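Since the structure comes first, as structure tokens, the remarks are kept for the end.
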Amino acid sequence: SQQGEEDPQALSIQEGENATMNCSYKTSINNLQWYRQNSGRGLVHLILIRSNEREKHSGRLRVTLDTSKKSSSLLITASRAADTASYFCATDGGTPLVFGKGTRLSVIA
Amino acid sequence: DSGVTQTPKHLITATGQRVTLRCSPRSGDLSVYWYQQSLDQGLQFLIQYYNGEERAKGNILERFSAQQFPDLHSELNLSSLELGDSALYFCASSNLGTPNEKLFFGSGTQLSVL
């Protein structure tokens with residue numbers, strides 16, 4: 001069963017705008033990770049946030065985690081055409097990582 | 001380059017056939033994971049191995065089997081193939097196989113069952 005669910009399923013923005021993707025999950029977690037997948041290629045790890053952290057930054061990425069709401073968000077600032085990809089959240093929940101179906105981000109130049 | 005090697009990149013076969021997908025993990029990683037990605041089901045965890053032993057099992061069909069060899073490479077065997085098995089199959093690896101580690105993914109094997 002899917003643990004994380006990303007929202008929206010698809011997002012289209014102009015280059016330079018910010019993109020926000022959300023992830024909701026159902027059970028308690030130890031950490032939550034975000035991955036990116038360029039079309040038809042393998043997933044690439046972006047960032048990991050632990051359950052005792054509320055916010056984490058990495059370059060143009062900002063991730064927040066609200067364990068009381070069982071949700072996380074990924075913000076990409078000043079988006080570029082190269083950010084066009086699918087983005088997945090993954091939760092541990094005591095098992096190997098379980099991925100959602102992803103958000104497809106299109107950044108239009 | 002993630003350091004995880006999957007072969008072949010593409011595989012086209014017929015229903016009822018059997019295929020083997022191969023994965024070499026990143027140097028030093030002891031754990032291998034197999035995932036299946038299809039448009040309707042998303043990314044589904046199939047099975048995990050750690051240092052040659054099965055560690056966790058997910059939504060893997062009985063027609064599918066896997067193993068990890070002493071040199072740590074892994075193979076996923078798919079038999080009695082059906083049209084619905086067409087998907088992108090990913091192998092990933094991590095160092096210790098614990099849930100708080102990030103995974104390194106291979107580029108996948110695109111399986112088409114005709």
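Naming scheme: A, B, ... for chains in displayed order of the structure tokens; residues 1 onward per chain; ligands 1 onward as shown.
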
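Within 7 Å of Ser38 of chain B, once only C-alpha atoms are used and residues closer than 3 positions along the same chain are dropped, the contacting residues are Gln41, Gly42, Leu43, Ala87 and Leu88 of chain B.
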
Please return, as a JSON list (two decimals) with N, CA, C and O atoms, in the first residue's frame, all residues of chain A lying within 10 Å of chain B when only C-alpha atoms are considered.
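File written: selection-v8.json
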[["chain", "number", "residue", "atom", "x", "y", "z"],
["A", 1, "SER", "N", 0.85, -1.19, 0.00],
["A", 1, "SER", "CA", 0.00, 0.00, 0.00],
["A", 1, "SER", "C", 0.88, 1.24, 0.00],
["A", 1, "SER", "O", 2.01, 1.21, 0.49],
["A", 2, "GLN", "N", 0.37, 2.33, -0.58],
["A", 2, "GLN", "CA", 1.14, 3.55, -0.65],
["A", 2, "GLN", "C", 1.15, 4.19, 0.72],
["A", 2, "GLN", "O", 0.13, 4.37, 1.36],
["A", 29, "ILE", "N", 6.53, 7.88, 11.41],
["A", 29, "ILE", "CA", 7.76, 7.70, 10.64],
["A", 29, "ILE", "C", 8.97, 8.09, 11.48],
["A", 29, "ILE", "O", 8.85, 8.80, 12.47],
["A", 30, "ASN", "N", 10.13, 7.61, 11.05],
["A", 30, "ASN", "CA", 11.39, 8.04, 11.63],
["A", 30, "ASN", "C", 12.02, 9.15, 10.80],
["A", 30, "ASN", "O", 12.67, 10.04, 11.32],
["A", 31, "ASN", "N", 11.82, 9.05, 9.49],
["A", 31, "ASN", "CA", 12.30, 10.09, 8.61],
["A", 31, "ASN", "C", 11.50, 10.08, 7.32],
["A", 31, "ASN", "O", 10.79, 9.11, 7.02],
["A", 32, "LEU", "N", 11.62, 11.16, 6.60],
["A", 32, "LEU", "CA", 10.94, 11.29, 5.31],
["A", 32, "LEU", "C", 11.97, 11.79, 4.31],
["A", 32, "LEU", "O", 12.79, 12.65, 4.62],
["A", 33, "GLN", "N", 11.91, 11.23, 3.12],
["A", 33, "GLN", "CA", 12.88, 11.61, 2.09],
["A", 33, "GLN", "C", 12.15, 12.09, 0.85],
["A", 33, "GLN", "O", 11.02, 11.68, 0.58],
["A", 34, "TRP", "N", 12.81, 12.95, 0.10],
["A", 34, "TRP", "CA", 12.31, 13.39, -1.19],
["A", 34, "TRP", "C", 13.31, 12.97, -2.26],
["A", 34, "TRP", "O", 14.53, 13.07, -2.08],
["A", 35, "TYR", "N", 12.74, 12.49, -3.39],
["A", 35, "TYR", "CA", 13.54, 12.06, -4.53],
["A", 35, "TYR", "C", 13.01, 12.73, -5.79],
["A", 35, "TYR", "O", 11.84, 13.10, -5.88],
["A", 40, "GLY", "N", 11.78, 8.69, -17.15],
["A", 40, "GLY", "CA", 12.25, 7.35, -17.47],
["A", 40, "GLY", "C", 13.58, 6.97, -16.87],
["A", 40, "GLY", "O", 14.13, 5.93, -17.23],
["A", 41, "ARG", "N", 14.10, 7.77, -15.97],
["A", 41, "ARG", "CA", 15.40, 7.46, -15.39],
["A", 41, "ARG", "C", 15.28, 7.11, -13.92],
["A", 41, "ARG", "O", 14.18, 7.12, -13.34],
["A", 42, "GLY", "N", 16.38, 6.75, -13.31],
["A", 42, "GLY", "CA", 16.36, 6.35, -11.91],
["A", 42, "GLY", "C", 16.12, 7.53, -10.99],
["A", 42, "GLY", "O", 16.36, 8.68, -11.34],
["A", 43, "LEU", "N", 15.61, 7.23, -9.80],
["A", 43, "LEU", "CA", 15.35, 8.27, -8.82],
["A", 43, "LEU", "C", 16.66, 8.75, -8.20],
["A", 43, "LEU", "O", 17.59, 7.97, -7.99],
["A", 44, "VAL", "N", 16.68, 10.03, -7.88],
["A", 44, "VAL", "CA", 17.85, 10.63, -7.27],
["A", 44, "VAL", "C", 17.43, 11.25, -5.94],
["A", 44, "VAL", "O", 16.45, 12.01, -5.88],
["A", 45, "HIS", "N", 18.16, 10.92, -4.88],
["A", 45, "HIS", "CA", 17.84, 11.44, -3.56],
["A", 45, "HIS", "C", 18.10, 12.95, -3.51],
["A", 45, "HIS", "O", 19.13, 13.44, -3.98],
["A", 46, "LEU", "N", 17.13, 13.66, -2.92],
["A", 46, "LEU", "CA", 17.28, 15.11, -2.78],
["A", 46, "LEU", "C", 17.59, 15.50, -1.34],
["A", 46, "LEU", "O", 18.54, 16.25, -1.08],
["A", 47, "ILE", "N", 16.78, 15.03, -0.41],
["A", 47, "ILE", "CA", 16.92, 15.50, 0.96],
["A", 47, "ILE", "C", 16.21, 14.52, 1.90],
["A", 47, "ILE", "O", 15.22, 13.89, 1.52],
["A", 48, "LEU", "N", 16.74, 14.41, 3.10],
["A", 48, "LEU", "CA", 16.14, 13.59, 4.15],
["A", 48, "LEU", "C", 15.86, 14.49, 5.35],
["A", 48, "LEU", "O", 16.73, 15.27, 5.75],
["A", 49, "ILE", "N", 14.67, 14.37, 5.90],
["A", 49, "ILE", "CA", 14.33, 15.12, 7.11],
["A", 49, "ILE", "C", 13.88, 14.13, 8.17],
["A", 49, "ILE", "O", 13.09, 13.22, 7.90],
["A", 50, "ARG", "N", 14.43, 14.27, 9.35],
["A", 50, "ARG", "CA", 14.12, 13.34, 10.44],
["A", 50, "ARG", "C", 12.86, 13.79, 11.17],
["A", 50, "ARG", "O", 12.48, 14.97, 11.11],
["A", 88, "PHE", "N", 9.07, 12.63, -5.69],
["A", 88, "PHE", "CA", 8.44, 11.63, -4.84],
["A", 88, "PHE", "C", 8.85, 11.83, -3.39],
["A", 88, "PHE", "O", 10.02, 12.12, -3.11],
["A", 90, "ALA", "N", 9.12, 9.75, 0.23],
["A", 90, "ALA", "CA", 9.27, 8.36, 0.66],
["A", 90, "ALA", "C", 9.37, 8.33, 2.17],
["A", 90, "ALA", "O", 10.09, 9.12, 2.77],
["A", 91, "THR", "N", 8.64, 7.41, 2.75],
["A", 91, "THR", "CA", 8.64, 7.29, 4.20],
["A", 91, "THR", "C", 9.11, 5.91, 4.61],
["A", 91, "THR", "O", 8.98, 4.94, 3.86],
["A", 92, "ASP", "N", 9.67, 5.82, 5.82],
["A", 92, "ASP", "CA", 10.16, 4.53, 6.26],
["A", 92, "ASP", "C", 9.08, 3.73, 6.98],
["A", 92, "ASP", "O", 8.75, 2.64, 6.57],
["A", 93, "GLY", "N", 8.51, 4.25, 8.00],
["A", 93, "GLY", "CA", 7.42, 3.55, 8.69],
["A", 93, "GLY", "C", 7.81, 2.17, 9.13],
["A", 93, "GLY", "O", 6.96, 1.27, 9.23],
["A", 94, "GLY", "N", 9.09, 1.92, 9.34],
["A", 94, "GLY", "CA", 9.54, 0.62, 9.84],
["A", 94, "GLY", "C", 9.81, -0.39, 8.76],
["A", 94, "GLY", "O", 10.24, -1.49, 9.01],
["A", 95, "THR", "N", 9.56, -0.04, 7.50],
["A", 95, "THR", "CA", 9.80, -0.96, 6.38],
["A", 95, "THR", "C", 10.75, -0.28, 5.41],
["A", 95, "THR", "O", 11.01, 0.91, 5.53],
["A", 96, "PRO", "N", 11.24, -0.98, 4.37],
["A", 96, "PRO", "CA", 11.94, -0.25, 3.34],
["A", 96, "PRO", "C", 11.09, 0.88, 2.78],
["A", 96, "PRO", "O", 9.87, 0.83, 2.86],
["A", 97, "LEU", "N", 11.75, 1.85, 2.25],
["A", 97, "LEU", "CA", 11.08, 3.06, 1.82],
["A", 97, "LEU", "C", 9.87, 2.78, 0.93],
["A", 97, "LEU", "O", 9.93, 1.96, 0.02],
["A", 98, "VAL", "N", 8.78, 3.44, 1.24],
["A", 98, "VAL", "CA", 7.56, 3.33, 0.45],
["A", 98, "VAL", "C", 7.32, 4.67, -0.21],
["A", 98, "VAL", "O", 7.31, 5.71, 0.46],
["A", 99, "PHE", "N", 7.17, 4.64, -1.50],
["A", 99, "PHE", "CA", 7.05, 5.87, -2.28],
["A", 99, "PHE", "C", 5.60, 6.15, -2.66],
["A", 99, "PHE", "O", 4.80, 5.25, -2.86],
["A", 100, "GLY", "N", 5.31, 7.45, -2.78],
["A", 100, "GLY", "CA", 4.03, 7.86, -3.33],
["A", 100, "GLY", "C", 4.09, 7.79, -4.84],
["A", 100, "GLY", "O", 5.05, 7.31, -5.43],
["A", 101, "LYS", "N", 3.03, 8.27, -5.49],
["A", 101, "LYS", "CA", 2.98, 8.24, -6.96],
["A", 101, "LYS", "C", 3.62, 9.46, -7.60],
["A", 101, "LYS", "O", 3.76, 9.52, -8.81],
["A", 102, "GLY", "N", 3.99, 10.42, -6.79],
["A", 102, "GLY", "CA", 4.77, 11.53, -7.29],
["A", 102, "GLY", "C", 3.98, 12.72, -7.79],
["A", 102, "GLY", "O", 2.79, 12.62, -8.09]]

Open item on the list: Could you go through chain A and tell me which residues DSSP, when run on the backbone, assigns to strand (DSSP E or B), listing them as a ChimeraX atom specification?
Closed with: /A:5-7,10-14,19-24,31-37,43-50,55-58,61-66,71-76,85-91,98-99,103-108

Task: Ile13 of chain A surroundings by only C-alpha atoms, 10 Å radius, close-in-sequence under 5 positions cut, as a PyMOL selection string - done: chain A and resi 18-19+79-81+84+105-109

Open item on the list: If we count only C-alpha atoms and set the cut-off at 10 Å, which residues sit around segment 71-76 of chain A, ignoring sequence neighbours fewer than 6 positions away in its own chain? Please answer as an NGL selection string.
Closed with: :A and (4-7 or 16-26 or 32-34 or 47 or 49 or 54-65 or 83 or 87-89)

Dump as a compact mmCIF listing (two decimals), in the first residue's frame, selection limited to N, CA, C and O atoms:
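Result file is again.txt:
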# COMPACT_ATOMS: atom_id res chain seq x y z
N GLY A 4 3.09 7.32 1.32
CA GLY A 4 3.03 8.75 1.06
C GLY A 4 2.20 9.05 -0.17
O GLY A 4 2.19 8.29 -1.12
N GLU A 5 1.49 10.15 -0.11
CA GLU A 5 0.73 10.59 -1.27
C GLU A 5 1.08 12.03 -1.56
O GLU A 5 0.93 12.90 -0.69
N GLU A 6 1.54 12.29 -2.78
CA GLU A 6 1.93 13.64 -3.15
C GLU A 6 0.74 14.40 -3.74
O GLU A 6 -0.15 13.83 -4.36
N ASP A 7 0.81 15.68 -3.55
CA ASP A 7 -0.24 16.56 -4.06
C ASP A 7 0.40 17.89 -4.44
O ASP A 7 1.21 18.41 -3.69
N GLY A 16 11.50 30.59 -12.92
CA GLY A 16 11.68 31.68 -11.97
C GLY A 16 10.67 31.67 -10.84
O GLY A 16 10.92 32.26 -9.78
N GLU A 17 9.54 31.01 -11.04
CA GLU A 17 8.53 30.89 -9.99
C GLU A 17 8.95 29.82 -8.99
O GLU A 17 9.83 29.00 -9.25
N ASN A 18 8.27 29.84 -7.84
CA ASN A 18 8.49 28.79 -6.84
C ASN A 18 7.50 27.66 -7.05
O ASN A 18 6.36 27.88 -7.48
N ALA A 19 7.94 26.45 -6.73
CA ALA A 19 7.07 25.27 -6.85
C ALA A 19 6.95 24.62 -5.49
O ALA A 19 7.96 24.39 -4.81
N THR A 20 5.73 24.35 -5.09
CA THR A 20 5.49 23.68 -3.81
C THR A 20 4.74 22.39 -4.04
O THR A 20 3.72 22.36 -4.71
N MET A 21 5.28 21.32 -3.47
CA MET A 21 4.65 20.01 -3.54
C MET A 21 4.43 19.50 -2.13
O MET A 21 5.25 19.76 -1.24
N ASN A 22 3.34 18.81 -1.93
CA ASN A 22 2.99 18.33 -0.61
C ASN A 22 2.94 16.81 -0.56
O ASN A 22 2.71 16.16 -1.58
N CYS A 23 3.18 16.29 0.62
CA CYS A 23 3.16 14.85 0.82
C CYS A 23 2.43 14.57 2.12
O CYS A 23 2.73 15.19 3.15
N SER A 24 1.47 13.67 2.06
CA SER A 24 0.80 13.24 3.28
C SER A 24 1.05 11.75 3.48
O SER A 24 1.19 11.01 2.50
N TYR A 25 1.14 11.35 4.72
CA TYR A 25 1.40 9.94 5.01
C TYR A 25 0.50 9.50 6.15
O TYR A 25 -0.15 10.32 6.80
N LYS A 26 0.48 8.18 6.40
CA LYS A 26 -0.55 7.66 7.29
C LYS A 26 -0.04 7.20 8.65
O LYS A 26 -0.74 7.34 9.65
N LEU A 32 11.62 11.16 6.60
CA LEU A 32 10.94 11.29 5.31
C LEU A 32 11.97 11.79 4.31
O LEU A 32 12.79 12.65 4.62
N GLN A 33 11.91 11.23 3.12
CA GLN A 33 12.88 11.61 2.09
C GLN A 33 12.15 12.09 0.85
O GLN A 33 11.02 11.68 0.58
N TRP A 34 12.81 12.95 0.10
CA TRP A 34 12.31 13.39 -1.19
C TRP A 34 13.31 12.97 -2.26
O TRP A 34 14.53 13.07 -2.08
N ILE A 47 16.78 15.03 -0.41
CA ILE A 47 16.92 15.50 0.96
C ILE A 47 16.21 14.52 1.90
O ILE A 47 15.22 13.89 1.52
N ILE A 49 14.67 14.37 5.90
CA ILE A 49 14.33 15.12 7.11
C ILE A 49 13.88 14.13 8.17
O ILE A 49 13.09 13.22 7.90
N ARG A 54 11.90 20.09 11.85
CA ARG A 54 10.71 20.76 11.30
C ARG A 54 10.97 21.34 9.92
O ARG A 54 10.06 21.50 9.11
N GLU A 55 12.24 21.69 9.66
CA GLU A 55 12.57 22.32 8.39
C GLU A 55 14.01 22.01 8.05
O GLU A 55 14.87 21.89 8.93
N LYS A 56 14.25 21.87 6.74
CA LYS A 56 15.60 21.61 6.28
C LYS A 56 15.81 22.27 4.92
O LYS A 56 14.87 22.31 4.11
N HIS A 57 17.01 22.77 4.70
CA HIS A 57 17.31 23.45 3.44
C HIS A 57 18.47 22.75 2.74
O HIS A 57 19.37 22.22 3.38
N SER A 58 18.42 22.77 1.43
CA SER A 58 19.54 22.30 0.62
C SER A 58 19.50 23.06 -0.69
O SER A 58 18.69 22.79 -1.57
N GLY A 59 20.38 24.05 -0.82
CA GLY A 59 20.38 24.87 -2.03
C GLY A 59 19.05 25.58 -2.21
O GLY A 59 18.57 26.27 -1.33
N ARG A 60 18.42 25.35 -3.36
CA ARG A 60 17.11 25.98 -3.62
C ARG A 60 15.94 25.15 -3.07
O ARG A 60 14.78 25.49 -3.31
N LEU A 61 16.24 24.10 -2.36
CA LEU A 61 15.19 23.24 -1.80
C LEU A 61 14.95 23.56 -0.33
O LEU A 61 15.89 23.78 0.43
N ARG A 62 13.66 23.58 0.01
CA ARG A 62 13.29 23.73 1.41
C ARG A 62 12.22 22.69 1.70
O ARG A 62 11.21 22.62 1.01
N VAL A 63 12.47 21.89 2.72
CA VAL A 63 11.52 20.86 3.11
C VAL A 63 11.03 21.15 4.51
O VAL A 63 11.82 21.50 5.39
N THR A 64 9.74 20.99 4.70
CA THR A 64 9.17 21.10 6.03
C THR A 64 8.49 19.78 6.39
O THR A 64 8.08 19.02 5.51
N LEU A 65 8.39 19.54 7.66
CA LEU A 65 7.75 18.33 8.16
C LEU A 65 6.86 18.68 9.34
O LEU A 65 7.32 19.33 10.28
N ASP A 83 14.54 21.75 -13.67
CA ASP A 83 13.84 21.16 -12.53
C ASP A 83 12.65 20.32 -12.98
O ASP A 83 12.00 19.66 -12.16
N TYR A 87 8.60 14.30 -8.71
CA TYR A 87 9.14 14.37 -7.36
C TYR A 87 8.34 13.44 -6.46
O TYR A 87 7.11 13.45 -6.48
N PHE A 88 9.07 12.63 -5.69
CA PHE A 88 8.44 11.63 -4.84
C PHE A 88 8.85 11.83 -3.39
O PHE A 88 10.02 12.12 -3.11
N CYS A 89 7.89 11.64 -2.50
CA CYS A 89 8.25 11.55 -1.10
C CYS A 89 8.30 10.07 -0.75
O CYS A 89 7.64 9.24 -1.37

Task: Two-atom distance - atom CA of Ala78 of chain A, atom CA of Ser51 of chain A (Å) - done: 27.1 Å

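Around Thr5 of chain B, within 7 Å and counting only C-alpha atoms, the residues found are Cys23, Ser24, Pro25 and Gly106 of chain B, once anything fewer than 3 positions away on its own chain is removed.
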
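Among B:Leu114, B:Gly3, B:Ser86, B:Ile12, the residue with the shortest atom-to-atom distance to Gly28 of chain B, counting only C-alpha atoms, is B:Gly3.
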